[in-house]
Amino acid sequence: MSDQLKTEKITTDLLRSIRLNKSFLIWMGFLGLAFLVCFGAYGLQLKNGMVVTGLGDYVSWGMYISNFVFFVATSLIGMLISAALGLSGQKWAAPLARIAEIIALAFAAVAGLVIVMDMGRPERLLNVFIHGRIQSPILWDVTVVTVYVLISTLFLYIPLIPDLKICYDRLDKLPPFARNIYKLLSLNWTGSADQKKLIKQSTRVIAIFIIPVALAIHTVTSWLFANTSRAGWDSTIFGPYFVTGAFVAGSAAVIIAMYFYRKNYGLKDYITDYHFDKMGQLLVLVSLIYLYFTLNEYMVPAYKMKKAEALHLSALFTGIHAGLFWSVQLFGLVLPIILLLFKKMREPLPMLFIALAVLIGAWFKRYIIVIPTQEHPFLPIQNVPLSFKIYTPTLVETLVTIAPFILVLIIITVLSKVIPIISVHETIEQLEENNKND
Amino acid sequence: MSEKEEKPRKKSRREFLQDLGIVGVGTLIGGSAIFAGMHYDKKKTQAQRIKVLTAENELLEIEKSDTTQVVKSKLENLTYLQKQGRDGIAGRRFVMVIDLSKCRNARKCMAACNNAHHLRPEQHHINVLKMQESHDTPAYYMPKPCQHCDNPPCVAVCPVDATFKRQDGIVLIDNERCIGCRFCIAACPYSARIFNWAEPIKSVDDEDLAYNVELNVPQRKGTVSKCLFSADRVREGKLPYCVSACPNGVYYFGDENEDTVTNGTTKETVRFKKLLEDNGGYTLMPELGTHPRVYYLPPKGKEYPFQDKDKPEAAEHLGNS
């Protein structure tokens, strides 16, 4: 097969997903409907106040905040795969870069909405900008998350420019307005040497710049907790602990996305078993680091058992949260590490199930970090209803918690229907490079 | 002579009558003029002259009859109350001393507080806790208001300056600005803050009131509320609601600068430093570096026994240690 034909095949394969088909419409219809239901639940919360949640004066941060931490965490994967692995010359990660960036952008953008859902007075959001106080970690969080969303958008967009031109050239069956959008966004790309150099350089600059910003968003998010004196939150390792945990959640999310994109968009030749194998190894690596931090986080206070810590840790180890705590550690961390050590388990289907377990575990891990601490303040909880002492999420609250997930799925699905999820021009370049080496 | 004498007599009668008329009318006019003048003067001195402070901070004296009452809009009232509430009272440093040996869990403080601040029964600006430090130490009752820390963690984390520390030491919350993020609730180690999860209990009655940040009334759905050291009462020179309501002499309230505190029950005023000195005063969790303005006197020689029925609840917080 000549190079011409190969290039042709690559372009056709990777652009095939950009079309409206029946399964897409059904899937979007389902997501849209589910989102409406969840949004209705949020309407109920706006109308009646946050009394519709299971929150109280003691556990005043619940699922919404653990959801926020989870969303910020998952969005960090864009930085790891596209920037860190890319800069360090890990070529295998290149076809996954755009998937990771789409996930990063979707989760980071929605994280901002998640925090608004937790506010008692969302209509006063602008107060943060009008009366903002720089001493408050919330201001830091708002700043870095906004910056991260902007940089992630650029990081997705700039390497996409050549592909947008390809889209314009090749997708001649699209209505003119859609083609014109591709043309407009491709910024007169001609593929000249100068333009290629410019894109390479700016991508590199963004890749370097995104690393500290990504570290900042999750470090600052961890400081929302670590900057209080509460037992369970008052920890100096919360920054790196959260960041490594974020890589675990993000890798799992990318593996799940890889599986479905590959299956539904017929990308078996581009996302191969080799990529799954590599992602499995990456997941083991980040999980081991996370396990190490987890051990530190619980073992050190558990050795001393200071009064406030003791109340908190007893609830986790043997008390009302024990079932959840040990399940999360076992099924979300320890077992996946052991299983993924076997090559057979790093094949697509087993990896999908392992990644799902890791991702669900990662969500509940945030729950374990956020909620139990508040059930054990320094002074006893007395003279209040029982529901204030033990947090039980309500149905409305659960629906509102699900809403951001649906939004992320909508964003990921729509993006994958308008842009090629694997870089076309990079795949072709890779092919040319391989030929040169042969 | 007689004629001469007669003449003037005749003349004089006419003249007399004339004169009389003139004098009479004159007197009448003059008298009434004087009377009127006097009355005018009297009226003038009686009229009230009042001092008026203009918006430009100029002190003027005008007659009260010349003034007309301007009905201030709700917004103008709010602006005034907000400024006064944010400024605080110059030269004062308010402190509270809670004598644990006197508390018998009467909870009159909690009732008075909830009534003043329009709170639901389960909402507490002040909460009387059943405390026990370890298995072998005695249980005791401990009223716990906001500690009005001099290094308040809640104020540090507030993203919008809705909760703030005043020059007189009081920490307030402005529910006109609060965005309801509840970071302050997470940061407070004393669990002193509450949230209006639902529509406040008196929101319909309070609808037309201008918001007073020193009373935190009307309460607002979706915002944080907390103990205010009764800043509105303190401004009037009165003792806080809880302090006045206590039947057992638990609370002292006063000014650190004056070194005096007054007992809410006995109204006895004593030296603040000496009270702490003589009774071993302390603050809650000093290791956190929050520097509370609420001081406690230890439950030594309790005047009332700790109720047996409250013992299990007090022991709950001990855990397994």
# chains A, B, ... in the order shown; residues from 1 in each chain; ligands from 1
call {"tool": "interface_residues", "arguments": {"of": "chain B", "to": "chain A", "cutoff": "8 Å", "atoms": "only C-alpha atoms", "output": "PDB file with C-alpha atoms, in the first residue's frame"}}
result
ATOM      1  CA  GLU B 122     -32.731  23.652  66.542  1.00  0.00           C
ATOM      2  CA  GLN B 123     -30.599  26.640  65.563  1.00  0.00           C
ATOM      3  CA  ASN B 127     -25.546  26.159  72.909  1.00  0.00           C
ATOM      4  CA  LEU B 129     -23.141  21.562  76.020  1.00  0.00           C
ATOM      5  CA  LYS B 130     -22.755  18.616  78.328  1.00  0.00           C
ATOM      6  CA  MET B 131     -19.012  18.210  78.598  1.00  0.00           C
ATOM      7  CA  PRO B 153     -10.364  31.365  61.146  1.00  0.00           C
ATOM      8  CA  ALA B 156      -9.776  34.488  57.112  1.00  0.00           C
ATOM      9  CA  VAL B 157     -11.509  32.036  54.784  1.00  0.00           C
ATOM     10  CA  CYS B 158     -14.560  34.137  53.837  1.00  0.00           C
ATOM     11  CA  PRO B 159     -14.231  34.873  50.108  1.00  0.00           C
ATOM     12  CA  VAL B 160     -16.422  37.993  50.092  1.00  0.00           C
ATOM     13  CA  ASP B 161     -15.768  39.767  53.415  1.00  0.00           C
ATOM     14  CA  ARG B 177     -23.466  39.794  51.227  1.00  0.00           C
ATOM     15  CA  CYS B 178     -22.997  36.126  52.263  1.00  0.00           C
ATOM     16  CA  ILE B 179     -22.943  33.787  49.248  1.00  0.00           C
ATOM     17  CA  GLY B 180     -23.646  30.689  51.337  1.00  0.00           C
ATOM     18  CA  CYS B 181     -20.425  28.778  50.577  1.00  0.00           C
ATOM     19  CA  ARG B 182     -20.189  27.678  54.256  1.00  0.00           C
ATOM     20  CA  ILE B 185     -18.659  26.782  59.090  1.00  0.00           C
ATOM     21  CA  ALA B 186     -15.958  24.344  57.969  1.00  0.00           C
ATOM     22  CA  ALA B 187     -13.187  26.532  59.362  1.00  0.00           C
ATOM     23  CA  CYS B 188     -14.685  27.283  62.808  1.00  0.00           C
ATOM     24  CA  PRO B 189     -13.196  24.858  65.353  1.00  0.00           C
ATOM     25  CA  TYR B 190     -15.895  25.770  67.894  1.00  0.00           C
ATOM     26  CA  SER B 191     -18.858  24.807  65.657  1.00  0.00           C
ATOM     27  CA  ARG B 193     -21.904  28.922  63.110  1.00  0.00           C
ATOM     28  CA  ILE B 194     -25.262  27.901  61.712  1.00  0.00           C
ATOM     29  CA  PHE B 195     -26.871  28.044  58.296  1.00  0.00           C
ATOM     30  CA  TRP B 197     -31.105  25.749  55.297  1.00  0.00           C
ATOM     31  CA  ALA B 198     -34.795  26.569  54.946  1.00  0.00           C
ATOM     32  CA  GLU B 199     -36.855  29.757  54.860  1.00  0.00           C
ATOM     33  CA  LYS B 221     -32.460  31.693  53.577  1.00  0.00           C
ATOM     34  CA  GLY B 222     -29.170  30.388  52.176  1.00  0.00           C
ATOM     35  CA  THR B 223     -26.915  32.468  54.416  1.00  0.00           C
ATOM     36  CA  LEU B 288      -5.312  26.584  67.952  1.00  0.00           C
ATOM     37  CA  HIS B 317     -17.667  12.560  72.928  1.00  0.00           C
ATOM     38  CA  GLY B 319     -14.855   7.912  72.207  1.00  0.00           C
ATOM     39  CA  ASN B 320     -13.043   4.694  73.058  1.00  0.00           C
ATOM     40  CA  SER B 321      -9.965   6.375  74.443  1.00  0.00           C
TER      41      SER B 321
END
call {"tool": "select_by_dssp", "arguments": {"residues": "segment 96-308 of chain B", "states": "strand (DSSP E)", "output": "ChimeraX atom specification"}}
result
/B:96-99,127-131,140-144,163-165,171-173,193-195,224-226,251-255,260-263,269-271,294-297
call {"tool": "residues_around", "arguments": {"residues": "Tyr274 of chain A", "least_positions_apart": "2", "cutoff": "12 Å", "atoms": "only C-alpha atoms", "output": "VMD selection string"}}
result
chain A and resid 92 to 93 95 to 96 268 to 272 276 to 281 343 to 344 346 to 348
call {"tool": "atom_distance", "arguments": {"atom1": "atom CA of Ile289 of chain A", "atom2": "atom CA of Met258 of chain A"}}
result
23.3 Å
call {"tool": "atom_distance", "arguments": {"atom1": "atom CA of Gln307 of chain B", "atom2": "atom CA of Ser134 of chain B"}}
result
17.3 Å
call {"tool": "select_by_dssp", "arguments": {"residues": "segment 67-247 of chain A", "states": "alpha helix (DSSP H)", "output": "compact mmCIF listing (two decimals) with C-alpha atoms, in the first residue's frame"}}
result
# COMPACT_ATOMS: atom_id res chain seq x y z
CA ASN A 67 -18.19 15.94 43.69
CA PHE A 68 -16.31 19.19 43.14
CA VAL A 69 -13.08 17.64 44.38
CA PHE A 70 -13.67 14.63 42.12
CA PHE A 71 -14.25 16.82 39.05
CA VAL A 72 -11.17 18.94 39.65
CA ALA A 73 -9.20 15.73 40.24
CA THR A 74 -10.28 14.02 37.04
CA SER A 75 -9.49 17.11 34.99
CA ILE A 77 -5.24 13.94 33.56
CA GLY A 78 -5.00 16.32 30.61
CA GLY A 86 4.37 14.47 25.73
CA LEU A 87 7.25 16.62 26.94
CA ALA A 97 -3.56 13.28 24.06
CA ARG A 98 -6.74 14.69 22.57
CA ILE A 99 -8.99 12.30 24.49
CA ALA A 100 -7.23 13.31 27.70
CA GLU A 101 -7.59 17.00 26.82
CA ILE A 102 -11.30 16.65 26.07
CA ILE A 103 -11.81 14.94 29.43
CA ALA A 104 -9.73 17.59 31.18
CA LEU A 105 -11.65 20.46 29.63
CA ALA A 106 -15.07 18.91 30.25
CA PHE A 107 -14.39 18.08 33.90
CA ALA A 108 -12.66 21.40 34.69
CA ALA A 109 -15.38 23.51 33.09
CA VAL A 110 -18.15 21.59 34.86
CA ALA A 111 -16.28 21.74 38.20
CA GLY A 112 -17.02 25.47 38.22
CA LEU A 113 -20.73 24.72 37.94
CA VAL A 114 -20.54 22.07 40.66
CA ILE A 115 -19.32 24.62 43.18
CA VAL A 116 -22.15 26.99 42.25
CA MET A 117 -24.65 24.20 42.94
CA ASN A 127 -19.84 39.06 45.04
CA VAL A 128 -16.74 36.89 44.70
CA PHE A 129 -15.43 39.36 42.11
CA ILE A 130 -16.92 42.53 43.63
CA PRO A 137 -8.51 29.93 49.41
CA ILE A 138 -11.78 30.11 47.47
CA LEU A 139 -10.41 33.11 45.59
CA TRP A 140 -7.27 31.12 44.77
CA ASP A 141 -9.40 28.24 43.58
CA VAL A 142 -11.62 30.43 41.40
CA THR A 143 -8.52 32.01 39.86
CA VAL A 144 -6.58 28.84 39.08
CA VAL A 145 -9.57 26.82 37.88
CA THR A 146 -10.49 29.64 35.48
CA VAL A 147 -6.90 29.81 34.22
CA TYR A 148 -6.81 26.03 33.84
CA VAL A 149 -10.03 25.98 31.81
CA LEU A 150 -8.64 28.69 29.53
CA ILE A 151 -5.26 27.00 29.05
CA SER A 152 -6.90 23.62 28.52
CA THR A 153 -9.07 25.16 25.82
CA LEU A 154 -5.98 26.50 24.08
CA PHE A 155 -4.19 23.19 24.60
CA LEU A 156 -7.05 21.42 22.87
CA TYR A 157 -7.51 24.05 20.17
CA ILE A 161 -5.95 23.78 13.86
CA PRO A 162 -4.45 21.57 11.07
CA ASP A 163 -7.19 19.01 11.67
CA LEU A 164 -9.86 21.69 11.35
CA LYS A 165 -8.50 22.47 7.89
CA ILE A 166 -8.64 18.77 7.03
CA CYS A 167 -12.23 18.72 8.28
CA TYR A 168 -13.07 21.66 6.03
CA ASP A 169 -11.44 20.02 3.03
CA ARG A 170 -12.80 16.56 3.47
CA PRO A 176 -22.09 25.13 4.26
CA PHE A 177 -22.43 26.91 7.60
CA ALA A 178 -20.80 23.99 9.42
CA ARG A 179 -17.95 23.85 6.90
CA ASN A 180 -17.47 27.58 7.26
CA ILE A 181 -17.09 27.21 11.00
CA TYR A 182 -14.26 24.75 10.37
CA LYS A 183 -12.73 27.17 7.90
CA LEU A 184 -13.03 30.08 10.30
CA LEU A 185 -11.52 28.12 13.18
CA ALA A 193 6.74 25.17 7.36
CA ASP A 194 6.39 28.46 9.27
CA GLN A 195 2.92 27.60 10.44
CA LYS A 196 3.99 24.12 11.47
CA LYS A 197 6.84 25.55 13.49
CA LEU A 198 4.56 28.07 15.15
CA ILE A 199 2.09 25.41 16.21
CA LYS A 200 4.83 23.15 17.53
CA GLN A 201 6.36 25.94 19.56
CA SER A 202 3.13 27.28 21.02
CA THR A 203 1.94 23.78 21.88
CA ARG A 204 5.20 23.24 23.70
CA VAL A 205 4.91 26.50 25.62
CA ILE A 206 1.36 25.68 26.69
CA ALA A 207 2.41 22.14 27.64
CA ILE A 208 5.06 23.56 29.92
CA PHE A 209 2.79 26.24 31.36
CA ILE A 210 -0.12 23.88 32.03
CA ILE A 211 1.89 21.70 34.43
CA PRO A 212 2.18 24.19 37.32
CA VAL A 213 -1.39 25.41 36.76
CA ALA A 214 -2.74 21.86 36.91
CA LEU A 215 -0.74 21.17 40.06
CA ALA A 216 -2.10 24.44 41.47
CA ILE A 217 -5.76 23.68 40.88
CA HIS A 218 -5.72 20.51 42.87
CA THR A 219 -3.29 21.69 45.50
CA VAL A 220 -5.46 24.73 46.16
CA THR A 221 -8.56 22.52 46.22
CA SER A 222 -6.89 20.38 48.88
CA TRP A 223 -6.12 23.54 50.85
CA LEU A 224 -9.84 24.27 51.17
CA PHE A 225 -9.66 21.43 53.69
CA ALA A 226 -6.07 21.43 54.89
CA PHE A 238 -2.94 17.09 51.35
CA GLY A 239 -1.55 18.84 48.27
CA PRO A 240 0.50 15.94 46.81
CA TYR A 241 -2.00 13.43 48.23
CA PHE A 242 -4.80 15.03 46.20
CA VAL A 243 -2.65 15.44 43.08
CA THR A 244 -1.59 11.78 42.97
CA GLY A 245 -5.17 10.72 43.70
CA ALA A 246 -6.21 12.91 40.79
CA PHE A 247 -3.95 11.01 38.39
call {"tool": "closest_residue", "arguments": {"among": "A:Ile237, A:Leu356, A:Leu409, A:Cys38", "to": "Leu295 of chain A", "atoms": "only C-alpha atoms"}}
result
A:Ile237
call {"tool": "closest_residue", "arguments": {"among": "B:Asp99, B:Cys113, B:Thr260, B:Asn105", "to": "Val128 of chain B", "atoms": "only C-alpha atoms"}}
result
B:Asn105
